[in-house]
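**Student:** Pasting a structure below so you can have a look.
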Amino acid sequence: MEKKFFDFIIHGGDYNPDQWIKTPEIWDEDMRLMKLAHINSATVSIFAWSLLEPEEGVYNFEWLDTIMDKLHANGISAILATPSGARPPWLAQKYPEVLRVEETGIRNEFGVRHNHCLTSPVYREKVRNINRMLAERYKNHPALKMWHISNEYCGECHCELCQEAFRNWLKDYYHNDIEELNEKWWNGFWSHRVNDWSQINSPKSRGENHVSAMKLCWNRFVSDSHISFYENEIAPLREITPDIPITTNFMKLYDGIDYQKFAKKMDLVSWDNYPAWDKGRNEDEALSTAFVHDAFRSMKDGQPFFMMESTPSLVNWHDVNKLPHSGMQELSSIQAVAHGADSVQYFQWRKSRGGHEKYHGAVVDHCGHENTRVFRDITRLGKVLEKLSGVVGGYSESKVAVICDWENIWATKHFCGFNNLKRDYTDECIKWYAPFYKKSISVDVIPMDADYSKYDLVVAPFLYMLKDGTDKRIEEYVANGGNFVATYLSGLVDSNDMCYLGGFPANNLKNVFGIWNEETDSLPEGMKNTATFGGKEYDVVHVCDIIHSTGAEILGEYKQDFYAGMPAVTKNTFGKGTAYYAAFRNDSDFTADFCNMLIDEIKINADTEIKADDGIVIRKRGSHIFVMNFTDSEKAVTLNSIYTNVITDEKAEGTVKIPACSYVVLK
């Protein structure tokens, strides 16, 4: 599949010329340095509202005119940002209702960023006004190539406007039927039945915070509020510049917004990538980062995404901000491209002289010149990216999917029971993603309401909550020939966190998997059981289901406790397909061994036939093959054909050595 917004990989990042308005000679130096570093794009005016509109209704665009003209004259595209992420002081002073109220009931004072009420009509109006001014002024400017909306949406507000908006959201969600809400929230428990919508407030530590269905609804409301705020922001841009693509930058697996739902409103997905690279941990960082890349690539049906931010050196917000080894930034950028990124962008282009992020990494350091290690690294990477333009817009389809659903992230955090200390939903998803990643098999990361039919295998770790229709979707997928894997604590509740009656997993999934789950045991830290599988024994830790086979083939059993001899791993034929159930958690080899069995049984092929040492990860994107070594030692690959090294233009065949924390790109 292919979806192009550009014909080349975007190479650039956050550019804040407004911070240097009193030294315009630096603007000219920036243009020289950008061209020297092979930068082809700059994201401008992200936090420039106080300069664009220094007083209400008084605008100052002349400096931005100059910057846009300079960028175009130097062959650099502009990604123009809307400034809503940080409002000017005059706005908060004149309209204090735009500031957020914490769950304590105390309204925040002016400060930091994203300290605005998403519901506030005043703030929405002011944002729409400044965005309209930007769109009208630059709609025909040749430098404008994309809109960047706000910056890293996040947070929540508990003001009276938001309380009323939450109640209205609930009325819509529950068909204006308060008795339906009482039933779905099981409000008879603890005498919580409500008889008027006004009796409902947002969950708070000093108020109601034990109704998990309520907290789920609050999560959905806050997420929908961000999406609604975004739609308000983009309305004038869609009207005035309908052909200019629009994005906003997500933050890893941030659970405050349902990114899978939000992505449907965007032209392309982008995210800010800040791995903590360090010797001895790079392989684990590469794995978790790859998972997030694939999650964002999957949000728009495999469409390439943007890596909107990354650091060219270090960050300033870790406890200890260690410099990554020289070359890691380049390898990290290549990993993003390999997994579907059509951009490599940085925060930031030039280091600020003051403020909170003055020590955050940048392409141009405080010294102000190009004679630095980081600048040389970025320049080298810029040249490399120019040779990879052939990958833009494309990606190879995956035959394996792992379900990692944002609403299930919320649901698995809210319930009280079983093991309340060890409940790592996203970690479990990454764990089940890892064996395929390490075998160089492309994986999509999808929500539970996605289309399963295009995959040979779907893995759903810890699928505790089932959105409406998910059980039927699984049943139909398996019946039609699909292969589905579920693990412990799957199919317990519906979308209101109401337990299914009739046994677990829900409804006909008991027949699909050929099992029923009678009980779940939780194991304290340091205590374990043992399960067998494939002639080996594995530690059972933290949590395990005690299941009965009602027709499933038993592939493994428990060894200890009163449930010794009961099934721990099962396989069931249902219709034309197969459903597997792994009833326990293991933090060592079981997942890899089980997935390797699936790879052999289902005949899932790696992306390429290149043979590689352990530790090498291979990704194929179109006709390009990315061979990456995130280990701390040299590794080798054995090529199955004669390739061209895309970076050096040399032929590659036989055995190729890949230095530690390095890569090659073949074609």
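Just so we're on the same page: first chain in the structure tokens is A, next is B, and so on; residues restart at 1 for each chain, and ligands are numbered from 1 in the order they show up.
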Quick one: residues within 8 Å of stretch 396-401 of chain A, only C-alpha atoms counted, chain neighbours fewer than 5 positions away excluded, as number ranges by chain?
**Tutor:** A: 1, 302, 441-446, 454-459, 604, 620-622
**Student:** Keeping N, CA, C and O atoms, export the residues of the selection given above as a short mmCIF file (atom, residue, chain, number, x, y, z; two decimals), in the first residue's frame.
**Tutor:**
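So the final result, stored in again_8.cif, reads:
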data_model
loop_
_atom_site.label_atom_id
_atom_site.label_comp_id
_atom_site.auth_asym_id
_atom_site.auth_seq_id
_atom_site.Cartn_x
_atom_site.Cartn_y
_atom_site.Cartn_z
N MET A 1 0.84 -1.19 0.00
CA MET A 1 0.00 0.00 0.00
C MET A 1 0.87 1.24 0.00
O MET A 1 2.02 1.20 0.43
N GLY A 302 -1.77 0.86 7.99
CA GLY A 302 -0.44 0.68 7.43
C GLY A 302 0.14 1.91 6.77
O GLY A 302 1.25 1.86 6.24
N ILE A 441 9.59 -10.72 11.55
CA ILE A 441 8.25 -10.87 10.99
C ILE A 441 7.48 -9.59 11.30
O ILE A 441 7.34 -9.20 12.46
N SER A 442 6.98 -8.95 10.28
CA SER A 442 6.26 -7.69 10.45
C SER A 442 4.96 -7.92 11.22
O SER A 442 4.23 -8.88 10.97
N VAL A 443 4.66 -7.02 12.15
CA VAL A 443 3.48 -7.14 13.01
C VAL A 443 2.72 -5.81 13.01
O VAL A 443 3.32 -4.75 13.16
N ASP A 444 1.40 -5.89 12.84
CA ASP A 444 0.54 -4.73 13.07
C ASP A 444 0.08 -4.73 14.52
O ASP A 444 -0.16 -5.80 15.10
N VAL A 445 -0.08 -3.55 15.09
CA VAL A 445 -0.59 -3.39 16.45
C VAL A 445 -1.94 -2.70 16.32
O VAL A 445 -2.01 -1.55 15.90
N ILE A 446 -3.01 -3.42 16.68
CA ILE A 446 -4.35 -2.99 16.29
C ILE A 446 -5.30 -2.92 17.50
O ILE A 446 -5.07 -3.56 18.52
N LYS A 454 -7.53 -9.97 7.40
CA LYS A 454 -6.35 -9.95 6.55
C LYS A 454 -5.13 -10.59 7.20
O LYS A 454 -4.06 -10.65 6.59
N TYR A 455 -5.28 -11.07 8.44
CA TYR A 455 -4.14 -11.63 9.17
C TYR A 455 -4.25 -13.15 9.26
O TYR A 455 -5.33 -13.71 9.41
N ASP A 456 -3.10 -13.80 9.18
CA ASP A 456 -3.04 -15.25 9.42
C ASP A 456 -3.10 -15.57 10.91
O ASP A 456 -3.53 -16.65 11.29
N LEU A 457 -2.64 -14.63 11.73
CA LEU A 457 -2.59 -14.84 13.18
C LEU A 457 -2.90 -13.53 13.89
O LEU A 457 -2.34 -12.48 13.55
N VAL A 458 -3.78 -13.60 14.89
CA VAL A 458 -4.07 -12.46 15.76
C VAL A 458 -3.81 -12.89 17.20
O VAL A 458 -4.33 -13.92 17.65
N VAL A 459 -2.99 -12.11 17.91
CA VAL A 459 -2.65 -12.39 19.30
C VAL A 459 -3.27 -11.30 20.17
O VAL A 459 -3.06 -10.12 19.92
N ILE A 604 4.30 -19.04 9.06
CA ILE A 604 4.46 -17.60 8.92
C ILE A 604 5.90 -17.32 8.52
O ILE A 604 6.84 -17.72 9.21
N LYS A 620 11.61 -5.13 6.29
CA LYS A 620 11.49 -4.86 4.86
C LYS A 620 10.43 -3.79 4.65
O LYS A 620 9.32 -3.89 5.18
N ARG A 621 10.78 -2.77 3.91
CA ARG A 621 9.83 -1.71 3.56
C ARG A 621 9.90 -1.51 2.06
O ARG A 621 10.87 -0.94 1.54
N GLY A 622 8.89 -1.99 1.36
CA GLY A 622 8.94 -1.96 -0.09
C GLY A 622 10.09 -2.83 -0.57
O GLY A 622 10.23 -3.99 -0.17
#
**Student:** Could you list, as a list in words, every residue within 12 Å of A:Gln199, counting only C-alpha atoms and ignoring same-chain residues fewer than 3 positions away?
**Tutor:** Gln163, Glu164, Phe166, Arg167, Ile178, Asn182, His192, Arg193, Val194, Asn195, Asp196, Ser202, Gly207 and Glu208 of chain A
**Student:** From the set A:Phe305, A:Phe504, A:Phe484, A:Trp147, which residue has the shortest atom-to-atom contact distance to A:Val344, counting only C-alpha atoms?
**Tutor:**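 Nearest candidate to A:Val344 out of A:Phe305, A:Phe504, A:Phe484, A:Trp147: A:Phe305.
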**Student:** Considering only C-alpha atoms, return as a short mmCIF file (atom, residue, chain, number, x, y, z; two decimals) with N, CA, C and O atoms, in the first residue's frame whatever protein or nucleic-acid residues lie within 10 Å of stretch 637-641 of chain A, sequence-local ones (same chain, fewer than 6 positions apart) excluded.
**Tutor:**
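Result file follows (selection_25.cif):
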data_model
loop_
_atom_site.label_atom_id
_atom_site.label_comp_id
_atom_site.auth_asym_id
_atom_site.auth_seq_id
_atom_site.Cartn_x
_atom_site.Cartn_y
_atom_site.Cartn_z
N THR A 608 12.19 -11.51 5.02
CA THR A 608 13.20 -11.86 4.03
C THR A 608 13.77 -13.23 4.35
O THR A 608 13.52 -13.80 5.42
N GLU A 609 14.57 -13.76 3.43
CA GLU A 609 15.24 -15.04 3.65
C GLU A 609 16.68 -14.86 4.10
O GLU A 609 17.46 -15.82 4.13
N ILE A 610 17.04 -13.65 4.46
CA ILE A 610 18.39 -13.39 4.97
C ILE A 610 18.56 -14.05 6.34
O ILE A 610 17.70 -13.93 7.21
N LYS A 611 19.65 -14.77 6.52
CA LYS A 611 19.95 -15.42 7.80
C LYS A 611 20.81 -14.48 8.64
O LYS A 611 21.79 -13.91 8.15
N ALA A 612 20.44 -14.35 9.91
CA ALA A 612 21.13 -13.37 10.74
C ALA A 612 21.47 -13.94 12.10
O ALA A 612 20.79 -14.84 12.62
N ASP A 613 22.55 -13.42 12.71
CA ASP A 613 22.88 -13.76 14.09
C ASP A 613 21.78 -13.27 15.02
O ASP A 613 21.06 -12.31 14.71
N ASP A 614 21.66 -13.91 16.18
CA ASP A 614 20.74 -13.43 17.20
C ASP A 614 21.09 -11.98 17.55
O ASP A 614 22.26 -11.63 17.71
N ILE A 616 20.22 -9.41 15.59
CA ILE A 616 19.96 -8.64 14.38
C ILE A 616 18.46 -8.58 14.13
O ILE A 616 17.76 -9.59 14.22
N ILE A 618 15.62 -7.39 11.24
CA ILE A 618 15.49 -7.06 9.83
C ILE A 618 14.06 -6.59 9.57
O ILE A 618 13.10 -7.24 9.99
N VAL A 627 18.68 -3.74 7.91
CA VAL A 627 19.33 -4.72 8.78
C VAL A 627 19.96 -3.94 9.94
O VAL A 627 20.90 -3.17 9.74
N ALA A 652 26.56 -6.11 -2.27
CA ALA A 652 26.67 -6.83 -1.01
C ALA A 652 26.24 -8.27 -1.25
O ALA A 652 25.17 -8.53 -1.81
N GLU A 653 27.08 -9.21 -0.83
CA GLU A 653 26.75 -10.63 -0.97
C GLU A 653 27.51 -11.43 0.08
O GLU A 653 28.41 -10.91 0.75
N GLY A 654 27.11 -12.69 0.24
CA GLY A 654 27.80 -13.54 1.21
C GLY A 654 27.52 -13.10 2.64
O GLY A 654 26.40 -12.75 3.00
N THR A 655 28.58 -13.11 3.46
CA THR A 655 28.46 -12.71 4.85
C THR A 655 28.83 -11.24 5.01
O THR A 655 29.87 -10.80 4.53
N VAL A 656 27.94 -10.52 5.69
CA VAL A 656 28.16 -9.09 5.91
C VAL A 656 28.21 -8.85 7.42
O VAL A 656 27.33 -9.30 8.16
N LYS A 657 29.24 -8.16 7.87
CA LYS A 657 29.38 -7.83 9.29
C LYS A 657 28.71 -6.49 9.59
O LYS A 657 28.90 -5.51 8.86
N ILE A 658 27.95 -6.48 10.68
CA ILE A 658 27.28 -5.25 11.12
C ILE A 658 27.87 -4.85 12.46
O ILE A 658 27.71 -5.58 13.46
#
**Student:** For atom CA of A:Val315 and atom CA of A:Met266, quote the distance in Å rounded to one decimal.
**Tutor:**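 Between these atoms lies a distance of 27.8 Å.
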**Student:** Which neighbours of A:Thr248 fall inside 7 Å, counting only C-alpha atoms, when residues of the same chain fewer than 6 positions from it are skipped, and could you give them as a PyMOL selection string?
**Tutor:** chain A and resi 148-151+270
**Student:** Okay, now the selection with N, CA, C and O atoms, as a PDB file, in the first residue's frame?
**Tutor:**
ATOM      1  N   HIS A 148       0.738  21.547  11.723  1.00  0.00           N
ATOM      2  CA  HIS A 148       1.023  20.839  12.975  1.00  0.00           C
ATOM      3  C   HIS A 148       0.102  21.449  14.028  1.00  0.00           C
ATOM      4  O   HIS A 148       0.252  22.606  14.398  1.00  0.00           O
ATOM      5  N   ILE A 149      -0.871  20.672  14.521  1.00  0.00           N
ATOM      6  CA  ILE A 149      -1.899  21.208  15.402  1.00  0.00           C
ATOM      7  C   ILE A 149      -1.457  21.098  16.860  1.00  0.00           C
ATOM      8  O   ILE A 149      -1.171  20.006  17.360  1.00  0.00           O
ATOM      9  N   SER A 150      -1.362  22.255  17.517  1.00  0.00           N
ATOM     10  CA  SER A 150      -1.013  22.328  18.933  1.00  0.00           C
ATOM     11  C   SER A 150       0.286  21.562  19.186  1.00  0.00           C
ATOM     12  O   SER A 150       1.186  21.558  18.347  1.00  0.00           O
ATOM     13  N   ASN A 151       0.384  20.902  20.320  1.00  0.00           N
ATOM     14  CA  ASN A 151       1.602  20.145  20.620  1.00  0.00           C
ATOM     15  C   ASN A 151       1.332  19.221  21.801  1.00  0.00           C
ATOM     16  O   ASN A 151       0.992  19.687  22.898  1.00  0.00           O
ATOM     17  N   SER A 270       1.517  11.241  13.693  1.00  0.00           N
ATOM     18  CA  SER A 270       2.907  11.546  14.030  1.00  0.00           C
ATOM     19  C   SER A 270       3.096  11.375  15.526  1.00  0.00           C
ATOM     20  O   SER A 270       2.145  11.464  16.297  1.00  0.00           O
TER      21      SER A 270
END
**Student:** Show which residues sit within 7 Å of A:Ile546, as a list in words. Count only C-alpha atoms, and ignore same-chain residues fewer than 5 positions away.
**Tutor:**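 Counting only C-alpha atoms, the residues come to Asn517, Glu518, Glu519, Thr520 and Tyr563 of chain A.
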**Student:** Separation of atom CA of A:Glu553 and atom CA of A:Val540, in Å?
**Tutor:**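 Result for atom CA of A:Glu553 versus atom CA of A:Val540: 20.1 Å, one decimal.
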**Student:** Using only C-alpha atoms, which of the listed residues (A:Cys661, A:Val493, A:Ala341, A:Cys159) sits closest to A:Glu283?
**Tutor:** A:Cys661
**Student:** Report as a PyMOL selection string all protein, DNA and RNA residues lying within 12 Å of A:Phe375, evaluated on only C-alpha atoms, omitting residues in the same chain fewer than 5 positions from it.
**Tutor:** chain A and resi 33-39+312-313+326+329-330+349-350+361-365+367-370+380-382
**Student:** Applying 9 Å and only C-alpha atoms, which residues near A:Leu118 remain after dropping the ones on its own chain fewer than 6 positions away? List them as a ChimeraX atom specification.
**Tutor:** /A:98,100,124,156-157,162,222,225-226,228-229
**Student:** Suppose we keep N, CA and C atoms; can you now write the selection as a PDB file, in the first residue's frame?
**Tutor:**
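Written output follows (result.pdb):
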ATOM      1  N   VAL A  98     -10.462  29.982  31.242  1.00  0.00           N
ATOM      2  CA  VAL A  98      -9.762  29.100  30.304  1.00  0.00           C
ATOM      3  C   VAL A  98      -8.749  28.209  31.013  1.00  0.00           C
ATOM      4  N   ARG A 100      -7.350  25.444  33.727  1.00  0.00           N
ATOM      5  CA  ARG A 100      -7.878  24.178  34.217  1.00  0.00           C
ATOM      6  C   ARG A 100      -8.137  24.201  35.714  1.00  0.00           C
ATOM      7  N   ARG A 124     -11.832  27.982  23.070  1.00  0.00           N
ATOM      8  CA  ARG A 124     -12.052  27.435  21.728  1.00  0.00           C
ATOM      9  C   ARG A 124     -12.190  28.559  20.695  1.00  0.00           C
ATOM     10  N   GLU A 156      -6.412  16.917  31.777  1.00  0.00           N
ATOM     11  CA  GLU A 156      -7.853  16.960  31.952  1.00  0.00           C
ATOM     12  C   GLU A 156      -8.217  18.120  32.862  1.00  0.00           C
ATOM     13  N   CYS A 157      -9.485  18.483  32.830  1.00  0.00           N
ATOM     14  CA  CYS A 157      -9.994  19.606  33.632  1.00  0.00           C
ATOM     15  C   CYS A 157     -11.260  19.171  34.347  1.00  0.00           C
ATOM     16  N   CYS A 162     -16.655  21.510  32.484  1.00  0.00           N
ATOM     17  CA  CYS A 162     -16.332  20.127  32.139  1.00  0.00           C
ATOM     18  C   CYS A 162     -17.262  19.142  32.839  1.00  0.00           C
ATOM     19  N   VAL A 222     -12.809  12.420  28.405  1.00  0.00           N
ATOM     20  CA  VAL A 222     -11.606  13.251  28.286  1.00  0.00           C
ATOM     21  C   VAL A 222     -10.975  13.063  26.913  1.00  0.00           C
ATOM     22  N   SER A 225     -13.028  14.770  24.405  1.00  0.00           N
ATOM     23  CA  SER A 225     -12.876  16.221  24.543  1.00  0.00           C
ATOM     24  C   SER A 225     -11.647  16.711  23.792  1.00  0.00           C
ATOM     25  N   HIS A 226     -10.563  15.947  23.867  1.00  0.00           N
ATOM     26  CA  HIS A 226      -9.369  16.310  23.101  1.00  0.00           C
ATOM     27  C   HIS A 226      -9.655  16.251  21.598  1.00  0.00           C
ATOM     28  N   SER A 228     -12.551  16.555  20.128  1.00  0.00           N
ATOM     29  CA  SER A 228     -13.443  17.670  19.799  1.00  0.00           C
ATOM     30  C   SER A 228     -12.688  18.992  19.747  1.00  0.00           C
ATOM     31  N   PHE A 229     -11.769  19.184  20.694  1.00  0.00           N
ATOM     32  CA  PHE A 229     -10.958  20.404  20.700  1.00  0.00           C
ATOM     33  C   PHE A 229     -10.114  20.477  19.428  1.00  0.00           C
TER      34      PHE A 229
END
**Student:** Ranking A:Tyr95, A:Phe291, A:Trp277, A:Tyr500 by minimum distance to A:His325 and counting only C-alpha atoms, which one comes first?
**Tutor:**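 With only C-alpha atoms as the atom set, the closest residue is A:Trp277.
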**Student:** Among stretch 478-628 of chain A, which residues does DSSP mark as helix (DSSP H, G or I) when it is run on the backbone? Keep the chain and numbering as in the structure and answer as a JSON list (two decimals) with N, CA and C atoms, in the first residue's frame.
**Tutor:**
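Result file out-v8.json:
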[["chain", "number", "residue", "atom", "x", "y", "z"],
["A", 478, "VAL", "N", -12.14, -16.88, 13.61],
["A", 478, "VAL", "CA", -11.64, -18.25, 13.77],
["A", 478, "VAL", "C", -12.46, -19.21, 12.92],
["A", 479, "ALA", "N", -13.76, -19.06, 12.91],
["A", 479, "ALA", "CA", -14.62, -19.96, 12.13],
["A", 479, "ALA", "C", -14.26, -19.92, 10.64],
["A", 509, "LEU", "N", -17.35, -17.51, 23.22],
["A", 509, "LEU", "CA", -15.90, -17.70, 23.20],
["A", 509, "LEU", "C", -15.50, -18.96, 23.97],
["A", 510, "LYS", "N", -16.33, -19.40, 24.90],
["A", 510, "LYS", "CA", -16.03, -20.66, 25.59],
["A", 510, "LYS", "C", -15.99, -21.81, 24.59],
["A", 511, "ASN", "N", -16.88, -21.77, 23.58],
["A", 511, "ASN", "CA", -16.86, -22.80, 22.54],
["A", 511, "ASN", "C", -15.75, -22.58, 21.54],
["A", 512, "VAL", "N", -15.47, -21.31, 21.26],
["A", 512, "VAL", "CA", -14.39, -21.01, 20.31],
["A", 512, "VAL", "C", -13.06, -21.55, 20.83],
["A", 513, "PHE", "N", -12.80, -21.34, 22.13],
["A", 513, "PHE", "CA", -11.55, -21.79, 22.72],
["A", 513, "PHE", "C", -11.64, -23.21, 23.29],
["A", 590, "PHE", "N", 8.59, -18.76, 27.87],
["A", 590, "PHE", "CA", 7.39, -19.42, 27.35],
["A", 590, "PHE", "C", 6.82, -18.70, 26.12],
["A", 591, "THR", "N", 6.68, -17.40, 26.19],
["A", 591, "THR", "CA", 6.06, -16.67, 25.09],
["A", 591, "THR", "C", 6.81, -16.89, 23.79],
["A", 592, "ALA", "N", 8.14, -16.82, 23.84],
["A", 592, "ALA", "CA", 8.94, -17.04, 22.63],
["A", 592, "ALA", "C", 8.76, -18.47, 22.11],
["A", 593, "ASP", "N", 8.82, -19.46, 23.00],
["A", 593, "ASP", "CA", 8.69, -20.85, 22.57],
["A", 593, "ASP", "C", 7.30, -21.11, 21.99],
["A", 594, "PHE", "N", 6.28, -20.55, 22.63],
["A", 594, "PHE", "CA", 4.91, -20.73, 22.14],
["A", 594, "PHE", "C", 4.74, -20.08, 20.77],
["A", 595, "CYS", "N", 5.24, -18.86, 20.61],
["A", 595, "CYS", "CA", 5.09, -18.16, 19.33],
["A", 595, "CYS", "C", 5.91, -18.84, 18.24],
["A", 596, "ASN", "N", 7.05, -19.37, 18.58],
["A", 596, "ASN", "CA", 7.84, -20.11, 17.58],
["A", 596, "ASN", "C", 7.08, -21.34, 17.09],
["A", 597, "MET", "N", 6.35, -21.99, 18.01],
["A", 597, "MET", "CA", 5.50, -23.10, 17.59],
["A", 597, "MET", "C", 4.44, -22.62, 16.60],
["A", 598, "LEU", "N", 3.82, -21.46, 16.90],
["A", 598, "LEU", "CA", 2.81, -20.92, 16.00],
["A", 598, "LEU", "C", 3.40, -20.58, 14.64],
["A", 599, "ILE", "N", 4.58, -19.99, 14.65],
["A", 599, "ILE", "CA", 5.23, -19.63, 13.39],
["A", 599, "ILE", "C", 5.42, -20.86, 12.52],
["A", 600, "ASP", "N", 5.83, -21.98, 13.15],
["A", 600, "ASP", "CA", 6.04, -23.22, 12.39],
["A", 600, "ASP", "C", 4.71, -23.83, 11.96],
["A", 601, "GLU", "N", 3.73, -23.87, 12.88],
["A", 601, "GLU", "CA", 2.45, -24.51, 12.56],
["A", 601, "GLU", "C", 1.70, -23.77, 11.47],
["A", 602, "ILE", "N", 1.68, -22.47, 11.57],
["A", 602, "ILE", "CA", 0.89, -21.66, 10.65],
["A", 602, "ILE", "C", 1.69, -21.33, 9.39]]
**Student:** Check stretch 248-312 of chain A with DSSP on the backbone and list each residue it calls strand (DSSP E), as a ChimeraX atom specification.
**Tutor:** /A:249-250,270-272,305-309
**Student:** Pull C-alpha atoms from the residues just selected and write them as a compact mmCIF listing (two decimals), in the first residue's frame.
**Tutor:**
# COMPACT_ATOMS: atom_id res chain seq x y z
CA ASN A 249 2.09 14.84 17.65
CA PHE A 250 1.24 11.88 19.87
CA SER A 270 2.91 11.55 14.03
CA TRP A 271 4.59 10.93 17.34
CA ASP A 272 7.50 12.08 19.53
CA PHE A 305 3.63 8.05 9.88
CA PHE A 306 5.86 10.96 10.91
CA MET A 307 8.44 10.90 13.68
CA MET A 308 7.71 14.51 14.62
CA GLU A 309 10.25 14.77 17.43
**Student:** Choose the residue, out of A:His141, A:Pro275, A:Pro96, A:Phe8, that has the smallest atom-to-atom separation from A:His72; count only C-alpha atoms.
**Tutor:**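 Under the stated criterion, the closest residue is A:His141.
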**Student:** Using Å and a single decimal, report how far atom CA of A:His114 sits from atom CA of A:Cys154.
**Tutor:**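 Spanning atom CA of A:Cys154 to atom CA of A:His114 is a straight-line distance of 6.9 Å.
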**Student:** Between A:Gly280, A:Pro324, A:Gly340, A:Gly491, which is the closest to A:Phe626 once you count only C-alpha atoms?
**Tutor:**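 Under the stated criterion, the closest residue is A:Gly340.
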**Student:** Considering only C-alpha atoms, can you say which of A:Arg107, A:Lys635, A:His624, A:Arg113 comes closest to A:Lys387?
**Tutor:**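 Checking each candidate against A:Lys387, we get A:His624 as the closest.
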